[in-house]
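Have a look at input.pdb; it's PDB, C-alpha atoms:
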ATOM      1  CA  MET A1034    -275.736 124.992 -72.394
ATOM      2  CA  SER A1035    -273.145 127.354 -73.854
ATOM      3  CA  PHE A1036    -270.504 124.595 -73.944
ATOM      4  CA  PHE A1037    -272.939 122.195 -75.638
ATOM      5  CA  LEU A1038    -273.839 124.723 -78.332
ATOM      6  CA  SER A1039    -270.221 125.667 -78.969
ATOM      7  CA  THR A1040    -269.108 122.049 -79.203
ATOM      8  CA  TYR A1041    -272.029 120.990 -81.342
ATOM      9  CA  SER A1042    -271.678 123.929 -83.715
ATOM     10  CA  THR A1043    -267.995 123.102 -84.146
ATOM     11  CA  SER A1044    -268.962 119.578 -85.134
ATOM     12  CA  ILE A1045    -271.517 120.848 -87.623
ATOM     13  CA  LEU A1046    -269.131 123.401 -89.103
ATOM     14  CA  TYR A1047    -266.526 120.695 -89.575
ATOM     15  CA  ARG A1048    -269.025 118.623 -91.467
ATOM     16  CA  VAL A1049    -269.787 121.573 -93.711
ATOM     17  CA  THR A1050    -266.260 122.782 -94.414
ATOM     18  CA  GLY A1051    -264.127 119.737 -93.673
ATOM     19  CA  ASP A1052    -263.776 116.881 -96.126
ATOM     20  CA  ALA A1053    -264.565 117.825 -99.710
ATOM     21  CA  ASP A1054    -266.690 114.708-100.176
ATOM     22  CA  GLN A1055    -269.167 115.783 -97.456
ATOM     23  CA  LYS A1056    -271.576 118.010 -99.331
ATOM     24  CA  ILE A1057    -273.801 120.424 -97.419
ATOM     25  CA  TYR A1058    -276.718 119.685 -99.715
ATOM     26  CA  SER A1059    -276.641 116.055 -98.572
ATOM     27  CA  PHE A1060    -277.776 117.077 -95.059
ATOM     28  CA  SER A1061    -281.327 116.403 -94.046
ATOM     29  CA  PRO A1062    -283.576 119.396 -93.387
ATOM     30  CA  PHE A1063    -283.459 118.568 -89.681
ATOM     31  CA  THR A1064    -279.634 118.564 -89.659
ATOM     32  CA  SER A1065    -279.498 121.817 -91.614
ATOM     33  CA  PHE A1066    -281.902 123.423 -89.121
ATOM     34  CA  LYS A1067    -279.704 122.341 -86.206
ATOM     35  CA  TYR A1068    -276.639 123.718 -87.988
ATOM     36  CA  TRP A1069    -278.175 127.160 -88.492
ATOM     37  CA  TYR A1070    -279.604 127.181 -84.964
ATOM     38  CA  CYS A1071    -276.180 126.425 -83.479
ATOM     39  CA  LEU A1072    -274.435 128.901 -85.759
ATOM     40  CA  MET A1073    -276.817 131.666 -84.640
ATOM     41  CA  ALA A1074    -276.168 130.716 -81.018
ATOM     42  CA  VAL A1075    -272.426 131.045 -81.521
ATOM     43  CA  VAL A1076    -272.920 134.484 -83.082
ATOM     44  CA  VAL A1077    -275.211 135.614 -80.247
ATOM     45  CA  PHE A1078    -272.813 134.427 -77.530
ATOM     46  CA  ARG A1079    -269.572 135.526 -79.230
ATOM     47  CA  PRO A1080    -267.023 137.465 -77.136
ATOM     48  CA  PRO A1081    -267.829 141.204 -76.908
ATOM     49  CA  SER A1082    -264.558 142.427 -78.440
ATOM     50  CA  ILE A1083    -261.395 141.261 -80.176
ATOM     51  CA  ALA A1084    -258.034 142.974 -79.810
ATOM     52  CA  PRO A1085    -256.518 144.440 -83.009
ATOM     53  CA  ILE A1086    -254.077 142.109 -84.768
ATOM     54  CA  PRO A1087    -250.514 143.497 -84.841
ATOM     55  CA  LYS A1088    -248.901 144.085 -88.236
ATOM     56  CA  ALA A1089    -246.253 141.400 -87.694
ATOM     57  CA  THR A1090    -248.959 138.878 -86.880
ATOM     58  CA  ARG A1091    -250.878 139.794 -90.029
ATOM     59  CA  VAL A1092    -247.763 139.248 -92.144
ATOM     60  CA  MET A1093    -247.039 135.899 -90.519
ATOM     61  CA  ALA A1094    -250.666 134.887 -91.002
ATOM     62  CA  ALA A1095    -250.464 135.729 -94.696
ATOM     63  CA  VAL A1096    -247.282 133.699 -95.047
ATOM     64  CA  ALA A1097    -248.765 130.827 -93.060
ATOM     65  CA  CYS A1098    -251.800 130.885 -95.312
ATOM     66  CA  SER A1099    -249.497 130.703 -98.310
ATOM     67  CA  ALA A1100    -247.574 127.870 -96.692
ATOM     68  CA  THR A1101    -250.717 125.756 -96.412
ATOM     69  CA  SER A1102    -250.690 125.560-100.204
ATOM     70  CA  LEU A1103    -248.406 122.556 -99.853
ATOM     71  CA  ASN A1104    -251.388 120.732 -98.362
ATOM     72  CA  SER A1105    -254.113 122.338-100.453
ATOM     73  CA  VAL A1106    -252.643 122.220-103.967
ATOM     74  CA  SER A1107    -254.592 119.016-104.574
ATOM     75  CA  GLY A1108    -257.800 120.972-104.042
ATOM     76  CA  LEU A1109    -257.058 122.980-107.194
ATOM     77  CA  ARG A1110    -256.696 119.949-109.445
ATOM     78  CA  ARG A1111    -260.328 119.600-110.467
ATOM     79  CA  HIS A1112    -260.728 123.011-112.080
ATOM     80  CA  ARG A1113    -257.162 124.249-112.616
ATOM     81  CA  LYS A1114    -256.018 126.043-115.722
ATOM     82  CA  LEU A1115    -252.984 124.531-117.419
ATOM     83  CA  PRO A1116    -250.121 124.962-117.793
ATOM     84  CA  ILE A1117    -248.945 125.796-114.282
ATOM     85  CA  LEU A1118    -246.331 128.552-114.043
ATOM     86  CA  LEU A1119    -243.386 128.119-111.659
ATOM     87  CA  PHE A1120    -241.114 131.077-110.969
ATOM     88  CA  ASP A1121    -237.707 131.446-109.439
ATOM     89  CA  VAL A1122    -237.797 134.607-107.315
ATOM     90  CA  MET A1123    -234.389 136.225-106.901
ATOM     91  CA  ASP A1124    -233.200 138.034-110.021
ATOM     92  CA  THR A1125    -236.202 136.634-111.881
ATOM     93  CA  LEU A1126    -239.013 138.485-110.144
ATOM     94  CA  VAL A1127    -237.206 140.394-107.407
ATOM     95  CA  ARG A1128    -233.837 142.138-107.344
ATOM     96  CA  ASP A1129    -231.292 140.143-105.320
ATOM     97  CA  PRO A1130    -229.320 142.485-103.019
ATOM     98  CA  PHE A1131    -226.604 139.897-102.389
ATOM     99  CA  TYR A1132    -224.251 140.890-105.190
ATOM    100  CA  GLU A1133    -224.069 144.641-104.589
ATOM    101  CA  ASP A1134    -225.737 145.668-101.334
ATOM    102  CA  ILE A1135    -224.309 142.964 -99.069
ATOM    103  CA  PRO A1136    -220.633 143.454 -99.974
ATOM    104  CA  ALA A1137    -221.170 147.198 -99.467
ATOM    105  CA  PHE A1138    -222.742 146.507 -96.062
ATOM    106  CA  PHE A1139    -219.608 144.649 -94.977
ATOM    107  CA  GLN A1140    -217.394 147.263 -96.697
ATOM    108  CA  MET A1141    -215.827 144.609 -98.904
ATOM    109  CA  SER A1142    -215.665 143.741-102.551
ATOM    110  CA  MET A1143    -217.615 140.687-103.674
ATOM    111  CA  LYS A1144    -214.328 138.829-104.128
ATOM    112  CA  GLU A1145    -213.233 139.665-100.581
ATOM    113  CA  LEU A1146    -216.594 138.619 -99.145
ATOM    114  CA  LEU A1147    -216.508 135.249-100.876
ATOM    115  CA  GLU A1148    -213.015 134.635 -99.543
ATOM    116  CA  VAL A1149    -213.993 135.139 -95.889
ATOM    117  CA  LYS A1150    -217.577 133.844 -95.950
ATOM    118  CA  HIS A1151    -218.252 130.336 -94.672
ATOM    119  CA  PRO A1152    -218.655 128.097 -97.746
ATOM    120  CA  THR A1153    -221.867 126.316 -96.685
ATOM    121  CA  SER A1154    -223.642 128.474 -94.084
ATOM    122  CA  TRP A1155    -225.938 130.258 -96.540
ATOM    123  CA  VAL A1156    -226.823 127.028 -98.334
ATOM    124  CA  GLU A1157    -227.693 125.445 -94.983
ATOM    125  CA  PHE A1158    -229.831 128.471 -94.158
ATOM    126  CA  GLU A1159    -231.614 128.215 -97.513
ATOM    127  CA  LYS A1160    -232.391 124.544 -96.864
ATOM    128  CA  GLY A1161    -233.778 125.310 -93.409
ATOM    129  CA  LEU A1162    -231.047 123.314 -91.685
ATOM    130  CA  ILE A1163    -229.979 126.246 -89.488
ATOM    131  CA  ASP A1164    -231.816 129.307 -88.158
ATOM    132  CA  GLU A1165    -230.684 132.900 -88.467
ATOM    133  CA  LYS A1166    -228.899 132.869 -85.105
ATOM    134  CA  GLU A1167    -226.784 129.964 -86.251
ATOM    135  CA  LEU A1168    -226.236 131.742 -89.572
ATOM    136  CA  ALA A1169    -224.902 134.771 -87.707
ATOM    137  CA  ARG A1170    -222.601 132.553 -85.667
ATOM    138  CA  LYS A1171    -221.024 130.835 -88.671
ATOM    139  CA  PHE A1172    -221.514 133.312 -91.553
ATOM    140  CA  PHE A1173    -217.781 134.080 -91.567
ATOM    141  CA  LYS A1174    -215.095 131.415 -91.534
ATOM    142  CA  ASP A1175    -213.361 133.042 -88.574
ATOM    143  CA  GLY A1176    -216.579 133.362 -86.559
ATOM    144  CA  ARG A1177    -216.453 137.153 -86.352
ATOM    145  CA  SER A1178    -219.647 138.862 -85.164
ATOM    146  CA  PHE A1179    -221.673 141.341 -87.191
ATOM    147  CA  ASP A1180    -224.924 143.293 -87.033
ATOM    148  CA  LEU A1181    -227.494 140.684 -88.121
ATOM    149  CA  GLU A1182    -230.455 143.053 -87.881
ATOM    150  CA  GLY A1183    -228.535 145.639 -89.879
ATOM    151  CA  LEU A1184    -227.867 143.018 -92.565
ATOM    152  CA  LYS A1185    -231.569 142.150 -92.745
ATOM    153  CA  GLU A1186    -232.517 145.829 -93.035
ATOM    154  CA  CYS A1187    -229.966 146.215 -95.834
ATOM    155  CA  MET A1188    -231.519 143.306 -97.714
ATOM    156  CA  VAL A1189    -235.043 144.636 -97.301
ATOM    157  CA  ARG A1190    -233.983 147.994 -98.720
ATOM    158  CA  GLY A1191    -232.588 146.159-101.742
ATOM    159  CA  TYR A1192    -235.707 144.141-102.557
ATOM    160  CA  SER A1193    -237.731 145.502-105.474
ATOM    161  CA  TYR A1194    -239.657 144.133-108.417
ATOM    162  CA  LEU A1195    -237.607 143.871-111.587
ATOM    163  CA  ASP A1196    -238.797 146.193-114.354
ATOM    164  CA  GLY A1197    -242.081 145.074-115.889
ATOM    165  CA  ILE A1198    -242.450 142.004-113.704
ATOM    166  CA  GLU A1199    -245.277 143.083-111.426
ATOM    167  CA  ALA A1200    -247.451 144.057-114.401
ATOM    168  CA  LEU A1201    -246.765 140.690-116.034
ATOM    169  CA  LEU A1202    -247.613 138.766-112.862
ATOM    170  CA  GLU A1203    -250.817 140.745-112.451
ATOM    171  CA  ASN A1204    -251.737 139.994-116.056
ATOM    172  CA  LEU A1205    -251.165 136.250-115.591
ATOM    173  CA  LYS A1206    -253.145 136.271-112.357
ATOM    174  CA  LEU A1207    -256.077 138.015-114.043
ATOM    175  CA  LYS A1208    -255.990 135.288-116.706
ATOM    176  CA  SER A1209    -256.519 132.741-113.888
ATOM    177  CA  TYR A1210    -253.210 130.940-114.269
ATOM    178  CA  GLU A1211    -251.873 129.020-111.287
ATOM    179  CA  LEU A1212    -248.589 130.621-110.202
ATOM    180  CA  HIS A1213    -246.096 129.273-107.664
ATOM    181  CA  ALA A1214    -242.704 130.357-106.385
ATOM    182  CA  PHE A1215    -240.066 127.662-106.922
ATOM    183  CA  THR A1216    -237.027 129.205-105.318
ATOM    184  CA  ASN A1217    -233.844 128.720-103.324
ATOM    185  CA  TYR A1218    -234.330 131.046-100.372
ATOM    186  CA  PRO A1219    -234.324 130.927 -96.560
ATOM    187  CA  ILE A1220    -237.086 131.898 -94.163
ATOM    188  CA  TRP A1221    -236.243 135.501 -95.037
ATOM    189  CA  TYR A1222    -238.627 135.162 -97.954
ATOM    190  CA  ILE A1223    -241.046 136.544 -95.356
ATOM    191  CA  MET A1224    -239.198 139.861 -95.584
ATOM    192  CA  ILE A1225    -239.747 139.922 -99.343
ATOM    193  CA  GLU A1226    -243.434 139.177 -98.826
ATOM    194  CA  GLU A1227    -243.805 141.897 -96.220
ATOM    195  CA  LYS A1228    -242.302 144.535 -98.519
ATOM    196  CA  LEU A1229    -243.563 143.523-101.976
ATOM    197  CA  LYS A1230    -246.729 141.471-101.230
ATOM    198  CA  LEU A1231    -245.735 138.909-103.843
ATOM    199  CA  SER A1232    -248.507 136.606-102.636
ATOM    200  CA  LYS A1233    -251.006 138.876-104.430
ATOM    201  CA  TYR A1234    -249.893 137.063-107.568
ATOM    202  CA  LEU A1235    -248.408 133.708-106.616
ATOM    203  CA  SER A1236    -248.095 131.262-103.753
ATOM    204  CA  TRP A1237    -244.834 130.758-101.845
ATOM    205  CA  THR A1238    -245.309 127.028-102.300
ATOM    206  CA  PHE A1239    -241.922 125.602-103.201
ATOM    207  CA  CYS A1240    -239.237 127.321-101.147
ATOM    208  CA  SER A1241    -236.023 125.471-100.384
ATOM    209  CA  CYS A1242    -236.333 126.307 -96.685
ATOM    210  CA  LYS A1243    -239.678 124.475 -96.524
ATOM    211  CA  LEU A1244    -238.749 121.329 -98.432
ATOM    212  CA  GLY A1245    -235.082 121.037 -97.459
ATOM    213  CA  LYS A1246    -233.917 120.849-101.058
ATOM    214  CA  ARG A1247    -232.295 123.278-103.493
ATOM    215  CA  LYS A1248    -232.270 123.660-107.230
ATOM    216  CA  PRO A1249    -230.790 122.203-109.383
ATOM    217  CA  ALA A1250    -231.189 118.922-107.432
ATOM    218  CA  LEU A1251    -233.458 116.754-109.590
ATOM    219  CA  ASP A1252    -235.331 115.364-106.575
ATOM    220  CA  PHE A1253    -236.508 118.913-105.779
ATOM    221  CA  TYR A1254    -238.150 119.149-109.206
ATOM    222  CA  MET A1255    -239.651 115.680-108.874
ATOM    223  CA  GLU A1256    -241.139 116.522-105.472
ATOM    224  CA  VAL A1257    -242.673 119.688-106.935
ATOM    225  CA  LEU A1258    -244.291 117.628-109.707
ATOM    226  CA  ASP A1259    -245.547 115.083-107.191
ATOM    227  CA  LEU A1260    -247.104 117.780-104.987
ATOM    228  CA  LEU A1261    -248.703 119.512-107.960
ATOM    229  CA  GLY A1262    -250.056 116.238-109.338
ATOM    230  CA  VAL A1263    -249.596 117.185-112.999
ATOM    231  CA  GLU A1264    -247.574 115.898-115.909
ATOM    232  CA  PRO A1265    -244.180 117.616-116.279
ATOM    233  CA  ALA A1266    -245.149 118.953-119.711
ATOM    234  CA  ASN A1267    -247.924 120.942-118.005
ATOM    235  CA  CYS A1268    -245.396 122.995-116.025
ATOM    236  CA  ILE A1269    -243.506 126.034-117.297
ATOM    237  CA  PHE A1270    -240.511 126.918-115.141
ATOM    238  CA  VAL A1271    -238.833 130.350-115.329
ATOM    239  CA  ASP A1272    -235.367 130.997-113.882
ATOM    240  CA  ASP A1273    -232.422 133.293-114.546
ATOM    241  CA  ARG A1274    -229.882 130.460-114.100
ATOM    242  CA  LEU A1275    -229.352 128.102-117.011
ATOM    243  CA  VAL A1276    -228.276 125.238-114.754
ATOM    244  CA  ASN A1277    -231.720 125.341-113.097
ATOM    245  CA  ILE A1278    -233.430 125.464-116.495
ATOM    246  CA  GLU A1279    -231.519 122.396-117.667
ATOM    247  CA  ALA A1280    -232.556 120.515-114.521
ATOM    248  CA  ALA A1281    -236.194 121.460-115.168
ATOM    249  CA  LYS A1282    -235.932 120.087-118.699
ATOM    250  CA  ASP A1283    -234.370 116.889-117.338
ATOM    251  CA  ALA A1284    -237.479 116.554-115.147
ATOM    252  CA  GLY A1285    -239.690 116.958-118.238
ATOM    253  CA  MET A1286    -240.795 120.534-117.574
ATOM    254  CA  ILE A1287    -240.747 123.375-120.075
ATOM    255  CA  GLY A1288    -237.894 125.699-119.101
ATOM    256  CA  LEU A1289    -237.647 129.401-119.922
ATOM    257  CA  HIS A1290    -234.423 131.299-119.316
ATOM    258  CA  PHE A1291    -235.278 134.682-117.808
ATOM    259  CA  ARG A1292    -233.478 137.737-119.212
ATOM    260  CA  ASN A1293    -236.050 140.489-118.768
ATOM    261  CA  ALA A1294    -239.817 140.923-118.521
ATOM    262  CA  GLU A1295    -240.283 141.748-122.193
ATOM    263  CA  THR A1296    -238.535 138.635-123.521
ATOM    264  CA  LEU A1297    -240.314 136.511-120.918
ATOM    265  CA  LYS A1298    -243.654 137.854-122.109
ATOM    266  CA  GLU A1299    -242.731 136.974-125.691
ATOM    267  CA  ASP A1300    -241.585 133.487-124.671
ATOM    268  CA  LEU A1301    -244.835 132.867-122.797
ATOM    269  CA  ILE A1302    -246.940 134.050-125.739
ATOM    270  CA  SER A1303    -245.004 131.707-128.041
ATOM    271  CA  LEU A1304    -246.084 128.829-125.778
ATOM    272  CA  GLY A1305    -249.745 129.844-126.009
ATOM    273  CA  ILE A1306    -249.972 131.622-122.654
ATOM    274  CA  GLU A1307    -252.625 134.331-122.642
ATOM    275  CA  VAL A1308    -250.892 137.656-122.118
ATOM    276  CA  THR A1309    -252.482 140.927-123.149
ATOM    277  CA  THR A1310    -249.676 142.964-124.688
ATOM    278  CA  SER A1311    -251.159 146.363-123.851
ATOM    279  CA  GLU A1312    -251.341 145.462-120.158
ATOM    280  CA  VAL A1313    -247.639 144.578-119.949
ATOM    281  CA  ALA A1314    -246.196 147.551-121.808
TER     282      ALA A1314
END
Please re-express this file's structure in structure tokens.
Amino acid sequence: MSFFLSTYSTSILYRVTGDADQKIYSFSPFTSFKYWYCLMAVVVFRPPSIAPIPKATRVMAAVACSATSLNSVSGLRRHRKLPILLFDVMDTLVRDPFYEDIPAFFQMSMKELLEVKHPTSWVEFEKGLIDEKELARKFFKDGRSFDLEGLKECMVRGYSYLDGIEALLENLKLKSYELHAFTNYPIWYIMIEEKLKLSKYLSWTFCSCKLGKRKPALDFYMEVLDLLGVEPANCIFVDDRLVNIEAAKDAGMIGLHFRNAETLKEDLISLGIEVTTSEVA
């Protein structure tokens, strides 16, 4: 009896929350009664206790939920507010520790680090072609070992919102704009999320490590447009690198070169984006 109720209630719940074209109000009164009866049975016979969810699991769940946006973006199309805002992350929203903190970690200058670093390992990591263990193995040309966990801790310490950015993102979110990350970054974006909770404001939808492409490759921009299902002119892309802005314009998007939060706010207002000045002071 318990197995029958559990199985049947699962079937009913799928019909309610599954395909968007199956409306609950189309059920007959008899079907609706069976649904509520089975749902109550599941509640009555639920397990007596559930173990607390560890912090790491909660973070991964939040990231996984964000990752599903690749499959659920189409669900926003009916009632979305245009234009859609696409943001690079590093040195546009979040400080990139690579240029100062990482050379210091290895006790090198930036010039020295670039001379001994493997020329493609980080790019491969950003595209999801190798994992962090493989990155550690080939980070240096000569294959020397280093403290990978120490490097990750160094990067986490260096992550912070750029001045004025969090207030601007919060403002845009409150105005119901659709915000997505469109960034070249490896799976370590999870570390940024864990520290800064960027998903409060935008979705980690278009990361290079998920789609296997990097800006400024034009096919990356075209895949983003295809997944969003909007005309290019309905997308505003913000990045600190001009080469990425030019690629966005080649794809038909509106490109904004990021310099600081104040000029970005002004640029957005000039395009008709609703930003309340007093909230982004």
List every residue of segment 1112-1143 of chain A that has an atom at most 9 Å from any atom of segment 1196-1206 of chain A, giving for each one its closest atom pair and the distance in Å to one decimal, counting only C-alpha atoms, sorted by chain and then by ascending residue number, as CSV.
residue,atom,partner,partner_atom,distance
A:Thr1125,CA,A:Ile1198,CA,8.4
A:Leu1126,CA,A:Ile1198,CA,6.1
A:Val1127,CA,A:Ile1198,CA,8.4
Using the selection just defined, write its residues with C-alpha atoms as a JSON list (two decimals), in the coordinates of the input.
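Listing of selection.json after writing:
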[["chain", "number", "residue", "atom", "x", "y", "z"],
["A", 1125, "THR", "CA", -236.20, 136.63, -111.88],
["A", 1126, "LEU", "CA", -239.01, 138.49, -110.14],
["A", 1127, "VAL", "CA", -237.21, 140.39, -107.41]]
### Task
With a distance cut-off of 8 Å and all atoms listed in the file, select the neighbouring residues of segment 1260-1274 of chain A, excluding the residue or stretch itself and same-chain residues fewer than 5 positions from it, and output the selection as a list in words.
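Non-adjacent residues within range: Leu1103, Val1106, Ser1107, Arg1110, Leu1115, Pro1116, Ile1117, Leu1118, Leu1119, Phe1120, Asp1121, Val1122, Asp1124, Thr1125, Ala1281, Ala1284, Gly1285, Met1286, Ile1287, Gly1288, Leu1289, His1290, Phe1291 and Arg1292 of chain A.
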### Result set, the PyMOL selection byres ((chain A and resi 1175-1177) around 12) on current file, as a ChimeraX atom specification
/A:1139,1148-1152,1154,1167-1174,1178-1181
### Message
Taking only C-alpha atoms into account, name the residue in A:Gly1305, A:Gly1183, A:Pro1249, A:Pro1219 that is nearest to Asp1164 of chain A.
### Response
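That would be A:Pro1219, the residue with the smallest distance to Asp1164 of chain A.
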### Task
For atom CA of Ile1278 of chain A and atom CA of Lys1248 of chain A, determine how far apart the two atoms are, in Å to one decimal place.
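Result for atom CA of Ile1278 of chain A versus atom CA of Lys1248 of chain A: 9.5 Å, one decimal.
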### Message
Here is a test: counting all atoms listed in the file, which residue of A:Ile1302, A:Val1308, A:Cys1242, A:Ile1163 is nearest to Asn1217 of chain A?
### Response
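Once distances to Asn1217 of chain A are computed over all atoms listed in the file, the minimum belongs to A:Cys1242.
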### Summary
note - atom CA of Lys1208 of chain A and atom CA of Glu1307 of chain A are separated by 6.9 Å
### Message
To one decimal place in Å, what is the distance between atom CA of Asp1252 of chain A and atom CA of Trp1221 of chain A?
### Response
23.2 Å
### Query
In terms of the shortest atom-to-atom distance over only C-alpha atoms, which of A:Met1141, A:Leu1297, A:Leu1258, A:Ala1250 is closest to Asn1277 of chain A?
A:Ala1250
### Task
Using the chain letters and residue numbers of this document, give as an NGL selection string the residues selected by the PyMOL selection byres ((chain A and resi 1228) around 10).
:A and (1092 or 1189-1190 or 1192-1193 or 1223-1227 or 1229-1231)
Keeping C-alpha atoms, export the residues of the selection given above as a JSON list (two decimals), keeping the file's coordinate frame.
[["chain", "number", "residue", "atom", "x", "y", "z"],
["A", 1092, "VAL", "CA", -247.76, 139.25, -92.14],
["A", 1189, "VAL", "CA", -235.04, 144.64, -97.30],
["A", 1190, "ARG", "CA", -233.98, 147.99, -98.72],
["A", 1192, "TYR", "CA", -235.71, 144.14, -102.56],
["A", 1193, "SER", "CA", -237.73, 145.50, -105.47],
["A", 1223, "ILE", "CA", -241.05, 136.54, -95.36],
["A", 1224, "MET", "CA", -239.20, 139.86, -95.58],
["A", 1225, "ILE", "CA", -239.75, 139.92, -99.34],
["A", 1226, "GLU", "CA", -243.43, 139.18, -98.83],
["A", 1227, "GLU", "CA", -243.80, 141.90, -96.22],
["A", 1229, "LEU", "CA", -243.56, 143.52, -101.98],
["A", 1230, "LYS", "CA", -246.73, 141.47, -101.23],
["A", 1231, "LEU", "CA", -245.74, 138.91, -103.84]]
#### Entry: Of the listed residues A:Trp1155, A:Tyr1132, A:Tyr1194, A:Phe1239, that which approaches Val1257 of chain A most closely, counting all atoms listed in the file
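Looking at the shortest contact to Val1257 of chain A, the residue is A:Phe1239.
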### Among the residues A:Leu1235, A:Met1188, A:Leu1195, A:Leu1251, the one that comes closest to Leu1207 of chain A [using all atoms listed in the file]
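Comparing A:Leu1235, A:Met1188, A:Leu1195, A:Leu1251 against Leu1207 of chain A, the winner is A:Leu1235.
Each of A:Lys1282, A:Lys1246, A:Lys1185, A:Lys1298 was checked against Leu1162 of chain A using all atoms listed in the file; the smallest atom-to-atom distance is that of A:Lys1246.
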Please write a file for segment 1140-1154 of chain A, taken from the block I just shared, that holds C-alpha atoms and is laid out as a PDB file, in the first residue's frame.
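Final output, result35.pdb:
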ATOM      1  CA  GLN A1140      57.209  34.525  -5.061  1.00  0.00           C
ATOM      2  CA  MET A1141      57.686  35.700  -8.632  1.00  0.00           C
ATOM      3  CA  SER A1142      57.025  38.776 -10.677  1.00  0.00           C
ATOM      4  CA  MET A1143      54.224  38.570 -13.228  1.00  0.00           C
ATOM      5  CA  LYS A1144      56.829  38.523 -15.997  1.00  0.00           C
ATOM      6  CA  GLU A1145      58.665  35.610 -14.379  1.00  0.00           C
ATOM      7  CA  LEU A1146      55.434  33.674 -13.862  1.00  0.00           C
ATOM      8  CA  LEU A1147      54.399  34.048 -17.489  1.00  0.00           C
ATOM      9  CA  GLU A1148      57.802  32.814 -18.605  1.00  0.00           C
ATOM     10  CA  VAL A1149      57.595  29.544 -16.647  1.00  0.00           C
ATOM     11  CA  LYS A1150      53.843  28.892 -16.790  1.00  0.00           C
ATOM     12  CA  HIS A1151      52.542  26.375 -19.313  1.00  0.00           C
ATOM     13  CA  PRO A1152      51.098  28.378 -22.233  1.00  0.00           C
ATOM     14  CA  THR A1153      47.765  26.531 -22.544  1.00  0.00           C
ATOM     15  CA  SER A1154      47.032  24.794 -19.224  1.00  0.00           C
TER      16      SER A1154
END
